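What follows is structure_32.txt (compact mmCIF, C-alpha atoms).
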# COMPACT_ATOMS: atom_id res chain seq x y z
CA GLY V 1 319.77 159.78 9.63
CA ASN V 2 322.58 157.29 9.21
CA SER V 3 321.64 153.61 9.15
CA VAL V 4 322.71 150.19 7.93
CA THR V 5 320.44 147.49 6.57
CA GLN V 6 321.67 143.97 6.03
CA MET V 7 319.92 140.84 4.94
CA GLU V 8 318.23 138.85 7.62
CA GLY V 9 319.49 135.43 8.47
CA PRO V 10 320.08 132.82 9.26
CA VAL V 11 321.89 131.82 6.13
CA THR V 12 322.72 128.14 5.78
CA LEU V 13 325.15 126.98 3.10
CA SER V 14 327.05 123.86 2.22
CA GLU V 15 330.82 123.91 2.32
CA GLU V 16 332.40 125.42 -0.83
CA ALA V 17 329.22 127.32 -1.73
CA PHE V 18 329.30 130.96 -2.79
CA LEU V 19 328.34 133.48 -0.15
CA THR V 20 326.72 136.88 -0.52
CA ILE V 21 325.45 138.90 2.42
CA ASN V 22 323.79 142.10 1.28
CA CYS V 23 324.37 145.39 3.06
CA THR V 24 323.05 148.81 2.14
CA TYR V 25 323.48 152.05 3.99
CA THR V 26 321.98 155.48 4.39
CA ALA V 27 324.37 158.24 5.31
CA THR V 28 325.08 161.90 4.85
CA GLY V 29 328.48 162.58 3.42
CA TYR V 30 331.00 159.83 2.83
CA PRO V 31 331.15 157.23 5.58
CA SER V 32 333.71 154.50 5.99
CA LEU V 33 332.28 151.00 5.73
CA PHE V 34 333.15 147.87 7.67
CA TRP V 35 332.36 144.21 8.03
CA TYR V 36 332.81 142.66 11.47
CA VAL V 37 332.59 138.96 12.29
CA GLN V 38 331.66 137.41 15.61
CA TYR V 39 332.60 133.80 16.15
CA PRO V 40 330.74 131.86 18.86
CA GLY V 41 331.80 132.98 22.32
CA GLU V 42 334.12 135.70 21.04
CA GLY V 43 334.02 139.46 20.56
CA LEU V 44 333.45 141.18 17.24
CA GLN V 45 336.54 141.25 15.01
CA LEU V 46 337.15 143.57 12.11
CA LEU V 47 336.99 141.50 8.93
CA LEU V 48 337.52 144.18 6.30
CA LYS V 49 336.96 147.82 5.62
CA ALA V 50 336.73 150.41 2.84
CA THR V 51 337.13 154.11 3.43
CA LYS V 52 336.10 155.61 0.09
CA ALA V 53 333.97 154.90 -2.95
CA ASP V 54 335.14 152.05 -5.21
CA ASP V 55 337.54 150.77 -2.58
CA LYS V 56 337.54 147.00 -2.20
CA GLY V 57 338.20 145.53 1.21
CA SER V 58 339.41 141.95 1.39
CA ASN V 59 340.54 139.49 4.03
CA LYS V 60 340.51 135.71 4.50
CA GLY V 61 338.90 135.23 1.08
CA PHE V 62 336.08 137.67 1.84
CA GLU V 63 335.58 140.78 -0.29
CA ALA V 64 333.32 143.79 -0.29
CA THR V 65 333.30 146.82 -2.60
CA TYR V 66 332.16 150.28 -1.54
CA ARG V 67 329.50 151.17 -4.12
CA LYS V 68 328.44 154.77 -3.72
CA GLU V 69 325.96 154.68 -6.61
CA THR V 70 323.98 151.87 -5.01
CA THR V 71 324.95 152.72 -1.39
CA SER V 72 325.96 149.12 -0.89
CA PHE V 73 328.80 147.12 0.63
CA HIS V 74 327.88 143.50 -0.03
CA LEU V 75 330.07 140.79 1.50
CA GLU V 76 331.14 137.92 -0.77
CA LYS V 77 333.21 134.79 -0.56
CA GLY V 78 333.72 132.36 -3.36
CA SER V 79 333.95 129.16 -1.31
CA VAL V 80 332.87 129.08 2.31
CA GLN V 81 334.22 126.73 4.94
CA VAL V 82 332.66 125.32 8.09
CA SER V 83 335.00 127.59 10.05
CA ASP V 84 333.30 130.64 8.51
CA SER V 85 330.19 129.93 10.57
CA ALA V 86 329.65 133.10 12.57
CA VAL V 87 327.54 136.24 12.78
CA TYR V 88 328.52 138.98 10.33
CA PHE V 89 327.83 142.66 10.99
CA CYS V 90 327.95 145.43 8.45
CA ALA V 91 328.76 148.86 9.90
CA LEU V 92 329.45 152.41 8.89
CA ARG V 93 331.41 155.16 10.54
CA TYR V 94 330.65 158.78 9.91
CA GLY V 95 332.42 161.82 11.22
CA GLY V 96 335.94 160.72 10.34
CA SER V 97 338.23 158.48 12.33
CA GLN V 98 336.79 159.64 15.66
CA GLY V 99 333.20 159.02 14.59
CA ASN V 100 330.95 156.34 15.99
CA LEU V 101 330.11 153.00 14.43
CA ILE V 102 326.57 152.24 13.35
CA PHE V 103 325.83 148.55 12.95
CA GLY V 104 323.37 146.46 11.03
CA LYS V 105 321.45 143.76 12.87
CA GLY V 106 323.88 141.01 11.97
CA THR V 107 323.48 137.95 9.75
CA LYS V 108 324.12 134.51 11.15
CA LEU V 109 325.89 132.18 8.75
CA SER V 110 325.95 128.42 9.24
CA VAL V 111 328.11 126.33 6.93
CA LYS V 112 327.41 122.60 6.82
CA PRO V 113 330.06 120.04 5.85
CA GLY U 1 346.52 141.13 18.36
CA ALA U 2 344.75 143.46 20.71
CA VAL U 3 342.53 141.65 23.18
CA VAL U 4 339.65 143.04 25.17
CA SER U 5 338.13 141.05 28.00
CA GLN U 6 334.88 141.47 29.87
CA HIS U 7 333.89 140.20 33.26
CA PRO U 8 331.55 138.63 34.08
CA SER U 9 330.41 136.89 30.91
CA ARG U 10 327.00 136.25 32.42
CA VAL U 11 325.26 137.72 35.43
CA ILE U 12 321.83 137.29 36.94
CA CYS U 13 320.66 139.84 39.48
CA LYS U 14 317.46 140.71 41.26
CA SER U 15 315.41 143.74 40.39
CA GLY U 16 316.54 146.79 42.32
CA THR U 17 320.13 145.72 42.76
CA SER U 18 323.19 147.09 40.98
CA VAL U 19 325.66 145.18 38.88
CA LYS U 20 329.12 146.13 37.65
CA ILE U 21 330.64 144.97 34.38
CA GLU U 22 334.37 145.32 33.76
CA CYS U 23 336.07 145.86 30.43
CA ARG U 24 339.84 145.47 30.18
CA SER U 25 342.32 145.94 27.39
CA LEU U 26 344.81 143.15 28.04
CA ASP U 27 347.81 144.04 25.93
CA PHE U 28 347.39 147.65 24.92
CA GLN U 29 346.43 151.02 26.30
CA ALA U 30 342.99 152.24 25.39
CA THR U 31 342.44 155.96 25.60
CA THR U 32 338.87 155.52 24.40
CA MET U 33 336.42 152.77 25.28
CA PHE U 34 332.88 152.29 24.05
CA TRP U 35 329.89 150.58 25.60
CA TYR U 36 327.21 149.01 23.44
CA ARG U 37 323.95 147.29 24.14
CA GLN U 38 322.45 144.57 21.97
CA PHE U 39 318.91 143.26 22.13
CA PRO U 40 318.05 139.90 20.54
CA LYS U 41 318.09 140.10 16.74
CA GLN U 42 318.92 143.80 16.92
CA SER U 43 322.03 145.70 16.06
CA LEU U 44 324.56 146.95 18.57
CA MET U 45 323.52 150.33 19.91
CA LEU U 46 326.19 152.66 21.23
CA MET U 47 325.42 153.70 24.79
CA ALA U 48 328.41 155.84 25.67
CA THR U 49 332.00 156.70 24.88
CA SER U 50 334.48 157.01 27.69
CA ASN U 51 337.90 158.58 27.69
CA GLU U 52 340.42 157.81 30.38
CA GLY U 53 340.27 160.30 33.19
CA SER U 54 337.23 162.20 31.99
CA LYS U 55 333.47 161.88 32.12
CA ALA U 56 331.75 159.59 29.66
CA THR U 57 329.75 160.96 26.75
CA TYR U 58 326.32 159.35 26.63
CA GLU U 59 324.21 158.86 23.55
CA GLN U 60 320.80 160.42 23.38
CA GLY U 61 318.24 158.49 25.35
CA VAL U 62 320.75 156.72 27.62
CA GLU U 63 320.28 157.54 31.29
CA LYS U 64 323.64 158.54 32.68
CA ASP U 65 322.47 158.12 36.26
CA LYS U 66 321.38 154.58 35.58
CA PHE U 67 324.36 153.46 33.54
CA LEU U 68 327.43 154.69 35.39
CA ILE U 69 330.66 154.51 33.43
CA ASN U 70 334.09 154.87 34.94
CA HIS U 71 337.31 154.84 32.93
CA ALA U 72 339.87 155.20 35.67
CA SER U 73 342.87 153.78 33.86
CA LEU U 74 344.12 153.17 30.35
CA THR U 75 343.23 149.49 30.60
CA LEU U 76 339.98 149.42 32.55
CA SER U 77 336.48 150.78 32.09
CA THR U 78 333.49 149.75 34.16
CA LEU U 79 329.77 149.95 33.50
CA THR U 80 327.49 149.85 36.54
CA VAL U 81 323.81 149.27 35.98
CA THR U 82 322.15 150.82 39.01
CA SER U 83 318.78 149.75 40.39
CA ALA U 84 318.41 147.22 37.61
CA HIS U 85 315.02 146.29 36.22
CA PRO U 86 313.98 143.44 33.94
CA GLU U 87 313.96 145.79 30.94
CA ASP U 88 317.70 146.30 31.49
CA SER U 89 318.27 142.65 30.62
CA SER U 90 320.45 142.68 27.55
CA PHE U 91 323.84 141.88 26.09
CA TYR U 92 326.42 144.53 26.92
CA ILE U 93 329.55 144.81 24.81
CA CYS U 94 332.56 147.02 25.24
CA SER U 95 335.21 147.98 22.73
CA ALA U 96 338.42 149.96 22.75
CA ASN U 97 340.55 151.89 20.31
CA VAL U 98 344.24 151.19 20.14
CA GLN U 99 346.04 154.44 20.50
CA GLY U 100 347.04 155.66 17.04
CA THR U 101 344.76 153.31 15.11
CA PRO U 102 341.38 155.04 15.25
CA TYR U 103 339.79 152.85 12.60
CA GLU U 104 340.34 149.74 14.65
CA GLN U 105 337.92 149.03 17.44
CA TYR U 106 338.61 145.86 19.40
CA PHE U 107 335.58 144.29 20.98
CA GLY U 108 335.09 142.32 24.15
CA PRO U 109 333.07 139.08 24.11
CA GLY U 110 330.11 140.69 25.82
CA THR U 111 328.23 140.27 29.10
CA ARG U 112 324.76 138.77 29.27
CA LEU U 113 322.76 140.52 32.00
CA THR U 114 319.50 139.01 33.20
CA VAL U 115 317.44 140.89 35.76
CA THR U 116 314.80 138.83 37.51
Please lay out the structure from this file as structure tokens.
Amino acid sequence: GNSVTQMEGPVTLSEEAFLTINCTYTATGYPSLFWYVQYPGEGLQLLLKATKADDKGSNKGFEATYRKETTSFHLEKGSVQVSDSAVYFCALRYGGSQGNLIFGKGTKLSVKP
Amino acid sequence: GAVVSQHPSRVICKSGTSVKIECRSLDFQATTMFWYRQFPKQSLMLMATSNEGSKATYEQGVEKDKFLINHASLTLSTLTVTSAHPEDSSFYICSANVQGTPYEQYFGPGTRLTVT
């Protein structure tokens, strides 16, 4: 079946460090891929998305590339800030725009000054 | 941006009672709303999809008689956990699609339910 696996946290980094959060997926067909972020006390927000192979999603300095050959969608940021501390969820959607989202377990990121 | 609110943010109830959770889209109309459940250190699991004015579609394994969903208007969906038991304790999250932007789901902040 369809599933998403992301690295377990928590991840603790110093400010300005490089961030990678790994995400791999299992899916039939060609899903769309998403990263959501949940800041403390708030709802999940869409961070970035990619809808086809080799697409790169980017937002707020974060990037992720849809790699069909490795079934991956790793999240990266070159220099994290304290304000990036949050829980990050990788997700896929199958079945087109009306399909459901399938989430990974989330990775908690803490950035220390 | 589109904002989704949930009320209450936390609720504690006794076993055997029912509790209602509200999900509202504050500045947009939501033809479709989703209800998720999240256990500690687990991913969000879709419980049901509700469309305004029609019956909700439940995911496999979700008891429709236990988790009653009503989507009576374009800005409000409610989830009622009936005859709650301690195993129903969880974090419940709703989300909504903005009409015309199906890739965007806007999420509420969640409701922590504790059944004692």
- What separation in Å, quoted to one decimal, exists between atom CA of Asp55 of chain V and atom CA of Val4 of chain V? 18.2 Å
Using 7 Å as the limit and counting only C-alpha atoms, can you tabulate each residue of chain U that touches chain V, with its shortest atom-to-atom distance in Å and the two atoms involved, as a Markdown table?
| residue | atom | partner | partner_atom | distance |
| --- | --- | --- | --- | --- |
| U:Lys41 | CA | V:Lys105 | CA | 6.3 |
| U:Gln42 | CA | V:Lys105 | CA | 4.8 |
| U:Ser43 | CA | V:Lys105 | CA | 3.8 |
| U:Leu44 | CA | V:Phe103 | CA | 6.0 |
| U:Pro102 | CA | V:Ser97 | CA | 5.5 |
| U:Tyr103 | CA | V:Ser97 | CA | 5.8 |
| U:Tyr106 | CA | V:Gln45 | CA | 6.7 |
| U:Phe107 | CA | V:Gly43 | CA | 5.1 |
| U:Gly108 | CA | V:Gly43 | CA | 4.7 |
| U:Pro109 | CA | V:Gly43 | CA | 3.7 |
| U:Gly110 | CA | V:Gly43 | CA | 6.7 |
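Take atom CA of Glu63 of chain U and atom CA of Met33 of chain U: the distance between them is 17.9 Å.
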- Message: One decimal, in Å: what's the spacing between atom CA of Ala64 of chain V and atom CA of Tyr25 of chain V?
- Response: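 Between these atoms lies a distance of 13.5 Å.
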- Query: Contacts of Thr31 of chain U at 8 Å or less, counting all atoms listed in the file, minus same-chain residues fewer than 5 places along, as a PyMOL selection string?
  - Reply: chain U and resi 51-52+74+96-99
Could you add whatever atoms are missing so that segment 73-93 of chain V carries N, CA, C and O atoms, then write the result as a PDB file, keeping the file's coordinate frame?
ATOM      1  N   PHE V  73     327.500 147.658   0.223  1.00  0.00           N
ATOM      2  CA  PHE V  73     328.800 147.120   0.630  1.00  0.00           C
ATOM      3  C   PHE V  73     328.591 145.629   0.893  1.00  0.00           C
ATOM      4  O   PHE V  73     328.740 145.133   1.988  1.00  0.00           O
ATOM      5  N   HIS V  74     328.241 144.910  -0.154  1.00  0.00           N
ATOM      6  CA  HIS V  74     327.880 143.500  -0.030  1.00  0.00           C
ATOM      7  C   HIS V  74     329.119 142.645   0.250  1.00  0.00           C
ATOM      8  O   HIS V  74     330.153 142.811  -0.407  1.00  0.00           O
ATOM      9  N   LEU V  75     328.967 141.692   1.152  1.00  0.00           N
ATOM     10  CA  LEU V  75     330.070 140.790   1.500  1.00  0.00           C
ATOM     11  C   LEU V  75     329.983 139.535   0.651  1.00  0.00           C
ATOM     12  O   LEU V  75     328.905 138.944   0.525  1.00  0.00           O
ATOM     13  N   GLU V  76     331.120 139.106   0.074  1.00  0.00           N
ATOM     14  CA  GLU V  76     331.140 137.920  -0.770  1.00  0.00           C
ATOM     15  C   GLU V  76     332.328 137.044  -0.434  1.00  0.00           C
ATOM     16  O   GLU V  76     333.383 137.525  -0.005  1.00  0.00           O
ATOM     17  N   LYS V  77     332.103 135.737  -0.632  1.00  0.00           N
ATOM     18  CA  LYS V  77     333.210 134.790  -0.560  1.00  0.00           C
ATOM     19  C   LYS V  77     332.933 133.676  -1.536  1.00  0.00           C
ATOM     20  O   LYS V  77     331.804 133.165  -1.590  1.00  0.00           O
ATOM     21  N   GLY V  78     333.934 133.307  -2.291  1.00  0.00           N
ATOM     22  CA  GLY V  78     333.720 132.360  -3.360  1.00  0.00           C
ATOM     23  C   GLY V  78     333.477 130.928  -2.896  1.00  0.00           C
ATOM     24  O   GLY V  78     332.741 130.171  -3.543  1.00  0.00           O
ATOM     25  N   SER V  79     334.044 130.544  -1.767  1.00  0.00           N
ATOM     26  CA  SER V  79     333.950 129.160  -1.310  1.00  0.00           C
ATOM     27  C   SER V  79     334.028 129.149   0.213  1.00  0.00           C
ATOM     28  O   SER V  79     335.109 129.293   0.780  1.00  0.00           O
ATOM     29  N   VAL V  80     332.882 128.987   0.845  1.00  0.00           N
ATOM     30  CA  VAL V  80     332.870 129.080   2.310  1.00  0.00           C
ATOM     31  C   VAL V  80     333.305 127.761   2.941  1.00  0.00           C
ATOM     32  O   VAL V  80     333.182 126.680   2.349  1.00  0.00           O
ATOM     33  N   GLN V  81     333.794 127.879   4.163  1.00  0.00           N
ATOM     34  CA  GLN V  81     334.220 126.730   4.940  1.00  0.00           C
ATOM     35  C   GLN V  81     333.387 126.652   6.219  1.00  0.00           C
ATOM     36  O   GLN V  81     332.799 127.652   6.649  1.00  0.00           O
ATOM     37  N   VAL V  82     333.396 125.487   6.834  1.00  0.00           N
ATOM     38  CA  VAL V  82     332.660 125.320   8.090  1.00  0.00           C
ATOM     39  C   VAL V  82     333.140 126.343   9.121  1.00  0.00           C
ATOM     40  O   VAL V  82     332.340 126.890   9.900  1.00  0.00           O
ATOM     41  N   SER V  83     334.425 126.646   9.096  1.00  0.00           N
ATOM     42  CA  SER V  83     335.000 127.590  10.050  1.00  0.00           C
ATOM     43  C   SER V  83     334.542 129.028   9.843  1.00  0.00           C
ATOM     44  O   SER V  83     334.811 129.903  10.677  1.00  0.00           O
ATOM     45  N   ASP V  84     333.850 129.295   8.749  1.00  0.00           N
ATOM     46  CA  ASP V  84     333.300 130.640   8.510  1.00  0.00           C
ATOM     47  C   ASP V  84     331.963 130.840   9.227  1.00  0.00           C
ATOM     48  O   ASP V  84     331.403 131.947   9.189  1.00  0.00           O
ATOM     49  N   SER V  85     331.446 129.801   9.842  1.00  0.00           N
ATOM     50  CA  SER V  85     330.190 129.930  10.570  1.00  0.00           C
ATOM     51  C   SER V  85     330.336 130.953  11.685  1.00  0.00           C
ATOM     52  O   SER V  85     331.198 130.816  12.560  1.00  0.00           O
ATOM     53  N   ALA V  86     329.516 131.983  11.645  1.00  0.00           N
ATOM     54  CA  ALA V  86     329.650 133.100  12.570  1.00  0.00           C
ATOM     55  C   ALA V  86     328.496 134.070  12.302  1.00  0.00           C
ATOM     56  O   ALA V  86     327.668 133.843  11.426  1.00  0.00           O
ATOM     57  N   VAL V  87     328.483 135.154  13.059  1.00  0.00           N
ATOM     58  CA  VAL V  87     327.540 136.240  12.780  1.00  0.00           C
ATOM     59  C   VAL V  87     328.337 137.390  12.157  1.00  0.00           C
ATOM     60  O   VAL V  87     329.388 137.781  12.673  1.00  0.00           O
ATOM     61  N   TYR V  88     327.830 137.925  11.062  1.00  0.00           N
ATOM     62  CA  TYR V  88     328.520 138.980  10.330  1.00  0.00           C
ATOM     63  C   TYR V  88     327.724 140.286  10.451  1.00  0.00           C
ATOM     64  O   TYR V  88     326.515 140.313  10.229  1.00  0.00           O
ATOM     65  N   PHE V  89     328.447 141.346  10.812  1.00  0.00           N
ATOM     66  CA  PHE V  89     327.830 142.660  10.990  1.00  0.00           C
ATOM     67  C   PHE V  89     328.417 143.646   9.997  1.00  0.00           C
ATOM     68  O   PHE V  89     329.640 143.797   9.906  1.00  0.00           O
ATOM     69  N   CYS V  90     327.548 144.318   9.289  1.00  0.00           N
ATOM     70  CA  CYS V  90     327.950 145.430   8.450  1.00  0.00           C
ATOM     71  C   CYS V  90     327.857 146.704   9.286  1.00  0.00           C
ATOM     72  O   CYS V  90     326.959 146.827  10.132  1.00  0.00           O
ATOM     73  N   ALA V  91     328.767 147.635   9.083  1.00  0.00           N
ATOM     74  CA  ALA V  91     328.760 148.860   9.900  1.00  0.00           C
ATOM     75  C   ALA V  91     329.291 150.027   9.089  1.00  0.00           C
ATOM     76  O   ALA V  91     330.040 149.850   8.122  1.00  0.00           O
ATOM     77  N   LEU V  92     328.887 151.203   9.483  1.00  0.00           N
ATOM     78  CA  LEU V  92     329.450 152.410   8.890  1.00  0.00           C
ATOM     79  C   LEU V  92     329.959 153.314   9.997  1.00  0.00           C
ATOM     80  O   LEU V  92     329.500 153.269  11.134  1.00  0.00           O
ATOM     81  N   ARG V  93     330.922 154.137   9.622  1.00  0.00           N
ATOM     82  CA  ARG V  93     331.410 155.160  10.540  1.00  0.00           C
ATOM     83  C   ARG V  93     331.320 156.494   9.821  1.00  0.00           C
ATOM     84  O   ARG V  93     331.805 156.622   8.695  1.00  0.00           O
TER      85      ARG V  93
END
